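K.L.:
Provided below: target_0.pdb, containing PDB, C-alpha atoms.
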```
ATOM      1  CA  MET A1214     -31.626   6.428 -17.920
ATOM      2  CA  ARG A1215     -31.294   6.123 -14.167
ATOM      3  CA  LEU A1216     -27.860   4.687 -13.504
ATOM      4  CA  GLY A1217     -26.479   3.353 -10.220
ATOM      5  CA  VAL A1218     -22.764   3.081  -9.473
ATOM      6  CA  LEU A1219     -21.760   0.897  -6.531
ATOM      7  CA  ASP A1220     -18.216   1.462  -5.307
ATOM      8  CA  VAL A1221     -16.920  -1.179  -2.868
ATOM      9  CA  GLY A1222     -13.798   0.573  -1.695
ATOM     10  CA  SER A1223     -11.318   0.101   1.106
ATOM     11  CA  ASN A1224     -13.098   2.582   3.362
ATOM     12  CA  THR A1225     -16.742   2.713   2.275
ATOM     13  CA  VAL A1226     -19.384   0.990   0.192
ATOM     14  CA  HIS A1227     -21.004   3.842  -1.689
ATOM     15  CA  LEU A1228     -23.955   3.760  -4.067
ATOM     16  CA  LEU A1229     -24.480   6.823  -6.261
ATOM     17  CA  VAL A1230     -27.637   7.094  -8.389
ATOM     18  CA  VAL A1231     -27.669   9.552 -11.300
ATOM     19  CA  GLU A1232     -29.848  10.552 -14.219
ATOM     20  CA  ALA A1233     -27.615   9.902 -17.223
ATOM     21  CA  HIS A1234     -28.141  10.939 -20.833
ATOM     22  CA  PRO A1235     -25.739  11.209 -23.779
ATOM     23  CA  GLY A1236     -24.506  14.763 -24.189
ATOM     24  CA  ALA A1237     -25.525  15.834 -20.661
ATOM     25  CA  ARG A1238     -23.766  15.887 -17.332
ATOM     26  CA  PRO A1239     -24.890  13.145 -14.895
ATOM     27  CA  ILE A1240     -27.295  14.529 -12.285
ATOM     28  CA  PRO A1241     -27.090  12.860  -8.832
ATOM     29  CA  THR A1242     -30.493  11.840  -7.463
ATOM     30  CA  ALA A1243     -29.668   9.560  -4.525
ATOM     31  CA  SER A1244     -26.744   8.314  -2.463
ATOM     32  CA  HIS A1245     -26.280   5.488   0.035
ATOM     33  CA  LYS A1246     -23.077   4.917   2.007
ATOM     34  CA  SER A1247     -21.810   2.398   4.566
ATOM     35  CA  VAL A1248     -18.493   2.875   6.376
ATOM     36  CA  LEU A1249     -16.486  -0.331   6.000
ATOM     37  CA  ARG A1250     -12.777   0.328   6.733
ATOM     38  CA  LEU A1251     -11.857  -3.016   5.188
ATOM     39  CA  MET A1252      -8.154  -2.760   6.030
ATOM     40  CA  ARG A1253      -8.900  -3.508   9.686
ATOM     41  CA  TYR A1254     -10.275  -6.924   8.665
ATOM     42  CA  LEU A1255      -7.125  -8.099   6.882
ATOM     43  CA  GLU A1256      -5.296 -11.030   8.477
ATOM     44  CA  GLU A1257      -2.150 -12.228   6.708
ATOM     45  CA  GLY A1258      -3.406 -10.736   3.465
ATOM     46  CA  ALA A1259      -6.900 -12.220   3.620
ATOM     47  CA  ILE A1260     -10.211 -10.605   4.571
ATOM     48  CA  ASN A1261     -11.396 -12.356   7.742
ATOM     49  CA  ASP A1262     -14.900 -13.723   8.370
ATOM     50  CA  GLU A1263     -16.019 -10.550  10.140
ATOM     51  CA  GLY A1264     -14.895  -8.477   7.174
ATOM     52  CA  VAL A1265     -16.680 -10.732   4.666
ATOM     53  CA  THR A1266     -19.879 -10.430   6.690
ATOM     54  CA  ALA A1267     -19.503  -6.637   6.741
ATOM     55  CA  ILE A1268     -19.064  -6.581   2.951
ATOM     56  CA  LEU A1269     -22.112  -8.790   2.389
ATOM     57  CA  GLU A1270     -24.296  -6.624   4.622
ATOM     58  CA  ALA A1271     -23.116  -3.358   3.067
ATOM     59  CA  VAL A1272     -23.499  -4.581  -0.523
ATOM     60  CA  GLY A1273     -26.899  -6.091   0.286
ATOM     61  CA  ASP A1274     -28.108  -2.813   1.780
ATOM     62  CA  ALA A1275     -26.814  -0.889  -1.246
ATOM     63  CA  ALA A1276     -28.530  -3.302  -3.646
ATOM     64  CA  ASP A1277     -31.824  -2.777  -1.776
ATOM     65  CA  ALA A1278     -31.343   1.003  -1.998
ATOM     66  CA  ALA A1279     -30.638   0.714  -5.732
ATOM     67  CA  ARG A1280     -33.875  -1.194  -6.308
ATOM     68  CA  GLU A1281     -35.838   1.345  -4.265
ATOM     69  CA  ALA A1282     -34.333   4.134  -6.399
ATOM     70  CA  GLY A1283     -35.697   2.451  -9.529
ATOM     71  CA  ILE A1284     -32.398   2.223 -11.404
ATOM     72  CA  ASP A1285     -32.216   0.924 -14.962
ATOM     73  CA  GLU A1286     -28.681  -0.373 -14.657
ATOM     74  CA  LEU A1287     -26.159  -0.963 -11.860
ATOM     75  CA  LEU A1288     -22.418  -0.594 -12.402
ATOM     76  CA  SER A1289     -20.690  -2.281  -9.467
ATOM     77  CA  PHE A1290     -16.975  -2.450  -8.876
ATOM     78  CA  ALA A1291     -14.363  -3.200  -6.231
ATOM     79  CA  THR A1292     -10.971  -1.604  -5.738
ATOM     80  CA  SER A1293      -7.721  -2.355  -3.927
ATOM     81  CA  ALA A1294      -8.884  -3.983  -0.669
ATOM     82  CA  ILE A1295     -10.644  -6.872  -2.438
ATOM     83  CA  ARG A1296      -8.312  -6.764  -5.437
ATOM     84  CA  ASP A1297      -5.237  -7.359  -3.265
ATOM     85  CA  ALA A1298      -6.765  -9.791  -0.750
ATOM     86  CA  THR A1299      -5.567 -13.385  -1.060
ATOM     87  CA  ASN A1300      -9.174 -14.586  -0.763
ATOM     88  CA  GLY A1301     -10.556 -11.869  -3.032
ATOM     89  CA  GLU A1302     -12.007 -14.309  -5.597
ATOM     90  CA  GLU A1303     -13.852 -16.207  -2.869
ATOM     91  CA  VAL A1304     -15.270 -12.957  -1.485
ATOM     92  CA  LEU A1305     -16.475 -11.912  -4.947
ATOM     93  CA  GLU A1306     -18.190 -15.267  -5.451
ATOM     94  CA  ARG A1307     -19.988 -15.000  -2.094
ATOM     95  CA  VAL A1308     -21.097 -11.449  -2.845
ATOM     96  CA  ALA A1309     -22.551 -12.547  -6.204
ATOM     97  CA  ARG A1310     -24.201 -15.632  -4.726
ATOM     98  CA  GLU A1311     -25.697 -14.004  -1.630
ATOM     99  CA  THR A1312     -26.553 -10.495  -2.865
ATOM    100  CA  GLY A1313     -26.940 -10.938  -6.619
ATOM    101  CA  VAL A1314     -24.368  -8.197  -7.238
ATOM    102  CA  GLU A1315     -21.440  -9.111  -9.483
ATOM    103  CA  LEU A1316     -18.536  -6.830  -8.691
ATOM    104  CA  GLN A1317     -16.075  -5.893 -11.398
ATOM    105  CA  VAL A1318     -12.542  -5.658 -10.016
ATOM    106  CA  LEU A1319     -10.698  -2.632 -11.334
ATOM    107  CA  SER A1320      -6.925  -2.634 -11.600
ATOM    108  CA  GLY A1321      -5.062   0.259 -10.021
ATOM    109  CA  ASP A1322      -4.124   1.627 -13.420
ATOM    110  CA  ASP A1323      -7.773   1.431 -14.530
ATOM    111  CA  GLU A1324      -8.734   3.422 -11.435
ATOM    112  CA  ALA A1325      -6.194   6.071 -12.395
ATOM    113  CA  ARG A1326      -7.406   6.240 -16.013
ATOM    114  CA  LEU A1327     -11.108   6.441 -15.118
ATOM    115  CA  THR A1328     -10.505   9.092 -12.486
ATOM    116  CA  PHE A1329      -8.436  11.041 -14.985
ATOM    117  CA  LEU A1330     -11.329  10.894 -17.467
ATOM    118  CA  ALA A1331     -13.673  12.370 -14.855
ATOM    119  CA  VAL A1332     -11.243  15.153 -13.972
ATOM    120  CA  ARG A1333     -10.611  15.981 -17.638
ATOM    121  CA  ARG A1334     -14.342  16.272 -18.310
ATOM    122  CA  TRP A1335     -14.837  18.448 -15.233
ATOM    123  CA  TYR A1336     -12.099  20.913 -16.128
ATOM    124  CA  GLY A1337     -12.377  20.705 -19.910
ATOM    125  CA  TRP A1338      -9.775  21.033 -22.611
ATOM    126  CA  SER A1339      -8.736  24.503 -21.462
ATOM    127  CA  ALA A1340      -6.918  22.907 -18.521
ATOM    128  CA  ASP A1341      -4.363  21.552 -21.036
ATOM    129  CA  ARG A1342      -1.959  19.042 -19.477
ATOM    130  CA  ILE A1343      -3.281  17.709 -16.147
ATOM    131  CA  LEU A1344      -1.383  15.944 -13.356
ATOM    132  CA  LEU A1345      -3.728  13.996 -11.082
ATOM    133  CA  PHE A1346      -3.400  12.722  -7.505
ATOM    134  CA  ASP A1347      -6.161  10.521  -6.076
ATOM    135  CA  ILE A1348      -5.865   8.951  -2.601
ATOM    136  CA  GLY A1349      -8.123   6.009  -1.845
ATOM    137  CA  GLY A1350      -8.180   3.745   1.163
ATOM    138  CA  GLY A1351      -5.801   1.180  -0.309
ATOM    139  CA  SER A1352      -3.893   2.957  -3.047
ATOM    140  CA  LEU A1353      -2.697   6.259  -4.454
ATOM    141  CA  GLU A1354      -3.473   6.835  -8.134
ATOM    142  CA  LEU A1355      -1.269   9.050 -10.307
ATOM    143  CA  ALA A1356      -1.949  10.110 -13.896
ATOM    144  CA  GLN A1357      -0.851  12.780 -16.333
ATOM    145  CA  GLY A1358      -1.818  13.714 -19.864
ATOM    146  CA  ILE A1359      -3.382  16.219 -22.225
ATOM    147  CA  ASP A1360      -6.184  14.034 -23.656
ATOM    148  CA  GLU A1361      -8.979  12.048 -22.022
ATOM    149  CA  VAL A1362      -6.664   9.043 -21.807
ATOM    150  CA  PRO A1363      -3.540   9.872 -19.763
ATOM    151  CA  ASP A1364      -0.050   9.408 -21.146
ATOM    152  CA  VAL A1365       0.972   7.720 -17.892
ATOM    153  CA  ALA A1366      -1.259   6.149 -15.225
ATOM    154  CA  ARG A1367       0.087   4.437 -12.129
ATOM    155  CA  SER A1368      -1.236   3.051  -8.845
ATOM    156  CA  VAL A1369       0.933   2.596  -5.760
ATOM    157  CA  PRO A1370       0.038   1.001  -2.374
ATOM    158  CA  LEU A1371      -0.077   4.262  -0.440
ATOM    159  CA  GLY A1372      -3.773   4.499   0.350
ATOM    160  CA  ALA A1373      -4.777   6.324   3.510
ATOM    161  CA  GLY A1374      -6.319   3.254   5.164
ATOM    162  CA  ARG A1375      -3.472   0.915   4.225
ATOM    163  CA  SER A1376      -0.877   3.438   5.442
ATOM    164  CA  THR A1377      -2.722   3.957   8.729
ATOM    165  CA  ILE A1378      -2.873   0.242   9.519
ATOM    166  CA  ALA A1379       0.768  -0.321   8.574
ATOM    167  CA  PHE A1380       2.416   2.750  10.129
ATOM    168  CA  LEU A1381       0.057   4.641  12.462
ATOM    169  CA  PRO A1382      -1.376   2.044  14.878
ATOM    170  CA  ASP A1383      -1.643   4.430  17.826
ATOM    171  CA  ASP A1384      -4.359   7.042  18.306
ATOM    172  CA  PRO A1385      -3.090   9.677  18.079
ATOM    173  CA  PRO A1386       0.065   8.456  16.299
ATOM    174  CA  SER A1387       3.491   9.253  17.653
ATOM    175  CA  ALA A1388       5.843  11.630  15.859
ATOM    176  CA  GLU A1389       8.130   8.662  15.160
ATOM    177  CA  GLN A1390       5.295   6.720  13.506
ATOM    178  CA  VAL A1391       4.425   9.687  11.300
ATOM    179  CA  SER A1392       8.091  10.063  10.395
ATOM    180  CA  GLN A1393       8.339   6.381   9.447
ATOM    181  CA  LEU A1394       5.302   6.670   7.175
ATOM    182  CA  ARG A1395       6.751   9.765   5.567
ATOM    183  CA  GLU A1396      10.052   7.983   4.858
ATOM    184  CA  HIS A1397       8.213   4.965   3.434
ATOM    185  CA  ALA A1398       6.092   7.180   1.174
ATOM    186  CA  ARG A1399       9.209   8.942  -0.109
ATOM    187  CA  LYS A1400      10.821   5.645  -1.095
ATOM    188  CA  VAL A1401       7.703   4.389  -2.882
ATOM    189  CA  LEU A1402       7.141   7.694  -4.689
ATOM    190  CA  ALA A1403      10.781   7.977  -5.766
ATOM    191  CA  LYS A1404      10.136   4.953  -7.991
ATOM    192  CA  ALA A1405       6.604   5.946  -8.997
ATOM    193  CA  VAL A1406       7.661   9.359 -10.307
ATOM    194  CA  LYS A1407      10.171   7.983 -12.828
ATOM    195  CA  PRO A1408       7.715   7.326 -15.734
ATOM    196  CA  PHE A1409       6.469  10.923 -15.425
ATOM    197  CA  ARG A1410       9.850  12.628 -15.676
ATOM    198  CA  ASP A1411      10.007  12.587 -19.470
ATOM    199  CA  LEU A1412       6.568  14.202 -19.815
ATOM    200  CA  PRO A1413       6.097  17.954 -20.336
ATOM    201  CA  ALA A1414       5.369  19.925 -17.186
ATOM    202  CA  PRO A1415       1.664  19.912 -16.234
ATOM    203  CA  ASP A1416      -0.408  23.046 -16.762
ATOM    204  CA  HIS A1417      -2.911  22.070 -14.095
ATOM    205  CA  VAL A1418      -2.458  19.933 -10.959
ATOM    206  CA  VAL A1419      -5.608  18.346  -9.539
ATOM    207  CA  GLY A1420      -6.406  16.272  -6.476
ATOM    208  CA  SER A1421      -9.526  14.132  -6.206
ATOM    209  CA  SER A1422     -11.046  11.710  -3.668
ATOM    210  CA  LYS A1423     -12.777  12.326  -0.362
ATOM    211  CA  THR A1424      -9.474  12.350   1.553
ATOM    212  CA  ILE A1425      -8.041  15.190  -0.526
ATOM    213  CA  ARG A1426     -11.317  17.122  -0.445
ATOM    214  CA  SER A1427     -11.365  16.823   3.347
ATOM    215  CA  LEU A1428      -7.791  18.080   3.651
ATOM    216  CA  ALA A1429      -8.521  20.955   1.289
ATOM    217  CA  LYS A1430     -11.545  22.039   3.326
ATOM    218  CA  LEU A1431      -9.351  21.986   6.412
ATOM    219  CA  ALA A1432      -6.194  23.635   5.081
ATOM    220  CA  GLY A1433      -7.068  25.044   1.651
ATOM    221  CA  ASP A1434      -8.314  28.345   0.306
ATOM    222  CA  VAL A1435     -11.767  28.731  -1.197
ATOM    223  CA  GLU A1436     -11.967  30.960  -4.273
ATOM    224  CA  GLU A1437     -14.740  31.858  -6.680
ATOM    225  CA  GLY A1438     -15.094  29.461  -9.585
ATOM    226  CA  LEU A1439     -17.236  29.488 -12.704
ATOM    227  CA  GLY A1440     -20.891  30.307 -12.096
ATOM    228  CA  SER A1441     -21.886  29.494  -8.528
ATOM    229  CA  SER A1442     -19.173  26.877  -8.010
ATOM    230  CA  GLU A1443     -16.271  27.166  -5.592
ATOM    231  CA  ARG A1444     -12.623  26.631  -6.456
ATOM    232  CA  ILE A1445     -10.644  25.051  -3.620
ATOM    233  CA  VAL A1446      -6.859  25.286  -3.740
ATOM    234  CA  LEU A1447      -4.569  23.422  -1.351
ATOM    235  CA  SER A1448      -0.919  24.407  -0.966
ATOM    236  CA  ARG A1449       1.769  22.052   0.271
ATOM    237  CA  ARG A1450       2.863  24.679   2.770
ATOM    238  CA  ALA A1451      -0.601  24.823   4.367
ATOM    239  CA  LEU A1452      -0.881  21.029   4.326
ATOM    240  CA  ASP A1453       2.490  20.620   6.045
ATOM    241  CA  ASP A1454       1.499  23.230   8.605
ATOM    242  CA  TRP A1455      -1.677  21.343   9.522
ATOM    243  CA  THR A1456      -0.360  17.752   9.455
ATOM    244  CA  PRO A1457       1.576  17.725  12.780
ATOM    245  CA  ARG A1458      -1.327  19.483  14.517
ATOM    246  CA  LEU A1459      -3.792  17.007  13.058
ATOM    247  CA  ALA A1460      -1.619  14.107  14.201
ATOM    248  CA  LYS A1461      -1.783  15.251  17.831
ATOM    249  CA  ILE A1462      -5.594  15.190  17.918
ATOM    250  CA  PRO A1463      -7.366  11.886  18.763
ATOM    251  CA  ALA A1464      -9.449  10.466  15.945
ATOM    252  CA  ASP A1465     -12.755  10.901  17.768
ATOM    253  CA  ALA A1466     -12.077  14.639  18.160
ATOM    254  CA  ARG A1467     -11.024  15.363  14.555
ATOM    255  CA  PRO A1468     -14.586  15.627  13.131
ATOM    256  CA  ALA A1469     -14.888  18.905  15.052
ATOM    257  CA  LEU A1470     -12.445  20.354  12.513
ATOM    258  CA  PRO A1471     -13.651  21.788   9.173
ATOM    259  CA  GLY A1472     -13.925  19.151   6.475
ATOM    260  CA  ILE A1473     -13.006  16.107   8.591
ATOM    261  CA  THR A1474     -15.866  13.607   8.550
ATOM    262  CA  ALA A1475     -16.367  10.598  10.808
ATOM    263  CA  ASP A1476     -15.773   8.131   7.956
ATOM    264  CA  ARG A1477     -12.306   9.600   7.240
ATOM    265  CA  THR A1478     -11.155  10.632  10.702
ATOM    266  CA  PHE A1479      -9.069   7.515  11.433
ATOM    267  CA  GLN A1480      -7.059   7.739   8.214
ATOM    268  CA  ILE A1481      -6.839  11.476   7.571
ATOM    269  CA  VAL A1482      -3.342  11.865   9.066
ATOM    270  CA  ALA A1483      -1.931   9.173   6.798
ATOM    271  CA  GLY A1484      -3.715  10.792   3.855
ATOM    272  CA  ALA A1485      -2.111  14.136   4.689
ATOM    273  CA  VAL A1486       1.365  12.601   4.886
ATOM    274  CA  VAL A1487       0.971  10.689   1.609
ATOM    275  CA  LEU A1488      -0.402  13.725  -0.230
ATOM    276  CA  SER A1489       2.403  15.936   1.070
ATOM    277  CA  GLU A1490       5.050  13.480  -0.103
ATOM    278  CA  ALA A1491       3.349  13.023  -3.477
ATOM    279  CA  MET A1492       3.333  16.794  -4.014
ATOM    280  CA  ARG A1493       6.987  16.949  -2.948
ATOM    281  CA  ALA A1494       8.011  14.077  -5.257
ATOM    282  CA  PHE A1495       6.374  15.788  -8.229
ATOM    283  CA  GLU A1496       7.610  19.257  -7.143
ATOM    284  CA  VAL A1497       4.042  20.547  -6.798
ATOM    285  CA  GLU A1498       3.453  23.601  -4.622
ATOM    286  CA  GLU A1499      -0.359  23.631  -4.821
ATOM    287  CA  LEU A1500      -3.240  21.744  -6.347
ATOM    288  CA  GLU A1501      -6.887  22.337  -7.149
ATOM    289  CA  VAL A1502      -9.567  19.944  -5.899
ATOM    290  CA  SER A1503     -11.929  18.161  -8.279
ATOM    291  CA  PRO A1504     -15.443  17.219  -7.126
ATOM    292  CA  TRP A1505     -15.461  14.377  -9.680
ATOM    293  CA  ALA A1506     -13.444  11.177  -9.257
ATOM    294  CA  LEU A1507     -13.647   7.431  -9.966
ATOM    295  CA  ARG A1508     -17.426   6.935  -9.732
ATOM    296  CA  GLU A1509     -18.026   9.790 -12.148
ATOM    297  CA  GLY A1510     -15.413   8.323 -14.491
ATOM    298  CA  LEU A1511     -17.331   5.058 -14.662
ATOM    299  CA  ILE A1512     -20.589   6.918 -15.257
ATOM    300  CA  LEU A1513     -19.065   8.983 -18.064
ATOM    301  CA  ARG A1514     -17.608   5.926 -19.758
ATOM    302  CA  ARG A1515     -21.036   4.243 -19.663
ATOM    303  CA  ILE A1516     -22.734   7.347 -21.073
ATOM    304  CA  ASP A1517     -20.178   7.434 -23.889
ATOM    305  CA  HIS A1518     -21.172   3.861 -24.775
ATOM    306  CA  LEU A1519     -24.834   4.868 -24.795
ATOM    307  CA  SER A1520     -24.152   7.527 -27.380
TER     308      SER A1520
END
```
What is this structure when it is put down as structure tokens?
P.N.:
Amino acid sequence: MRLGVLDVGSNTVHLLVVEAHPGARPIPTASHKSVLRLMRYLEEGAINDEGVTAILEAVGDAADAAREAGIDELLSFATSAIRDATNGEEVLERVARETGVELQVLSGDDEARLTFLAVRRWYGWSADRILLFDIGGGSLELAQGIDEVPDVARSVPLGAGRSTIAFLPDDPPSAEQVSQLREHARKVLAKAVKPFRDLPAPDHVVGSSKTIRSLAKLAGDVEEGLGSSERIVLSRRALDDWTPRLAKIPADARPALPGITADRTFQIVAGAVVLSEAMRAFEVEELEVSPWALREGLILRRIDHLS
């Protein structure tokens, strides 16, 4: 079947179309993306009128693209920006009424579990116990386990977009602003790490999401993987070396750097700080980057139901 997955996230509205069959990996056939940066439209916890209009336009465009792609089924979901907004229910009702798309709101823990499923399938059982970091626009997802369902899955409000709006208002941010974000992240992660302490040490540490992939392309090492694939490894030392340099560059100049795209340039510094502190809190020296994340997790779960 031709399956569409529509992800209404804090930073982008992204439609991914795949050919999906039980027992086979999903094959991407089309993609449509709109940059949203929803966090900039929040006023006292609510998405303002301009933000609602932006959501309606982006979802409407994605729905048109899905129909043009000839999909058999559309899985549509929203994450932290709409989930946490005080007028989130109203926004969801307007989206359904005006675009015909009914968005499923995922909890943070569900995001962590679905992303973990995707990462487990990508790396296979030979990876043994996996520790996962996934940085979205609104939240940071953490999960660890040895099966397809993690033993522990947590979501904390340390997304790259949320952290940028709250702590890095200047472009480029000041050293003091970066330091304040780092201290905040340490406090949040000190609590988040507690449920993981009684688990066995991970055999494999993985980062997913566009933010982590961008940072790995900038500061990581590319190694040969299986077949023709590449294995990208990011060390905390390299990340910490790049972060202060990245913070001194204006956002409009960062896309000239390897891996930094225009849709992530405004929040990449916050993402680097959050990832560094997450690796420090979990005593991780390096991680490997997964090309699969939340969207693929939803696709895989749907394929499992088909079979």
K.L.:
Just want the 9 Å neighbourhood of range 1382-1394 of chain A, counted on all atoms listed in the file, with same-chain residues fewer than 3 positions away dropped. Output as a VMD selection string.
P.N.:
chain A and resid 1376 to 1379 1397 to 1399 1457 1459 to 1464 1479 1482 to 1483 1486 to 1487
K.L.:
Using all atoms listed in the file, which of the listed residues (A:Asp1453, A:Pro1363, A:Arg1493, A:Ile1481) sits closest to Asp1465 in chain A?
P.N.:
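Once distances to Asp1465 in chain A are computed over all atoms listed in the file, the minimum belongs to A:Ile1481.
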K.L.:
Between CA of Gly1217 in chain A and CA of Glu1281 in chain A, what is the distance in Å, rounded to a tenth?
P.N.:
11.3 Å
K.L.:
Nearest to Leu1507 in chain A among A:Glu1286, A:Asp1411, A:Asp1434, A:Asp1323, with distances taken over all atoms listed in the file: which residue is it?
P.N.:
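Under the stated criterion, the closest residue is A:Asp1323.
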K.L.:
For each of A:Leu1519, A:Val1314, A:Ala1373, A:Leu1381, take the minimum atom-to-atom distance to Ser1422 in chain A, counting all atoms listed in the file, then give the residue where this is smallest.
P.N.:
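Ranking A:Leu1519, A:Val1314, A:Ala1373, A:Leu1381 by distance to Ser1422 in chain A, first place goes to A:Ala1373.
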K.L.:
Kindly give the distance, in Å, that separates CA of Leu1216 in chain A and CA of Trp1338 in chain A, rounded to a single decimal.
P.N.:
26.0 Å
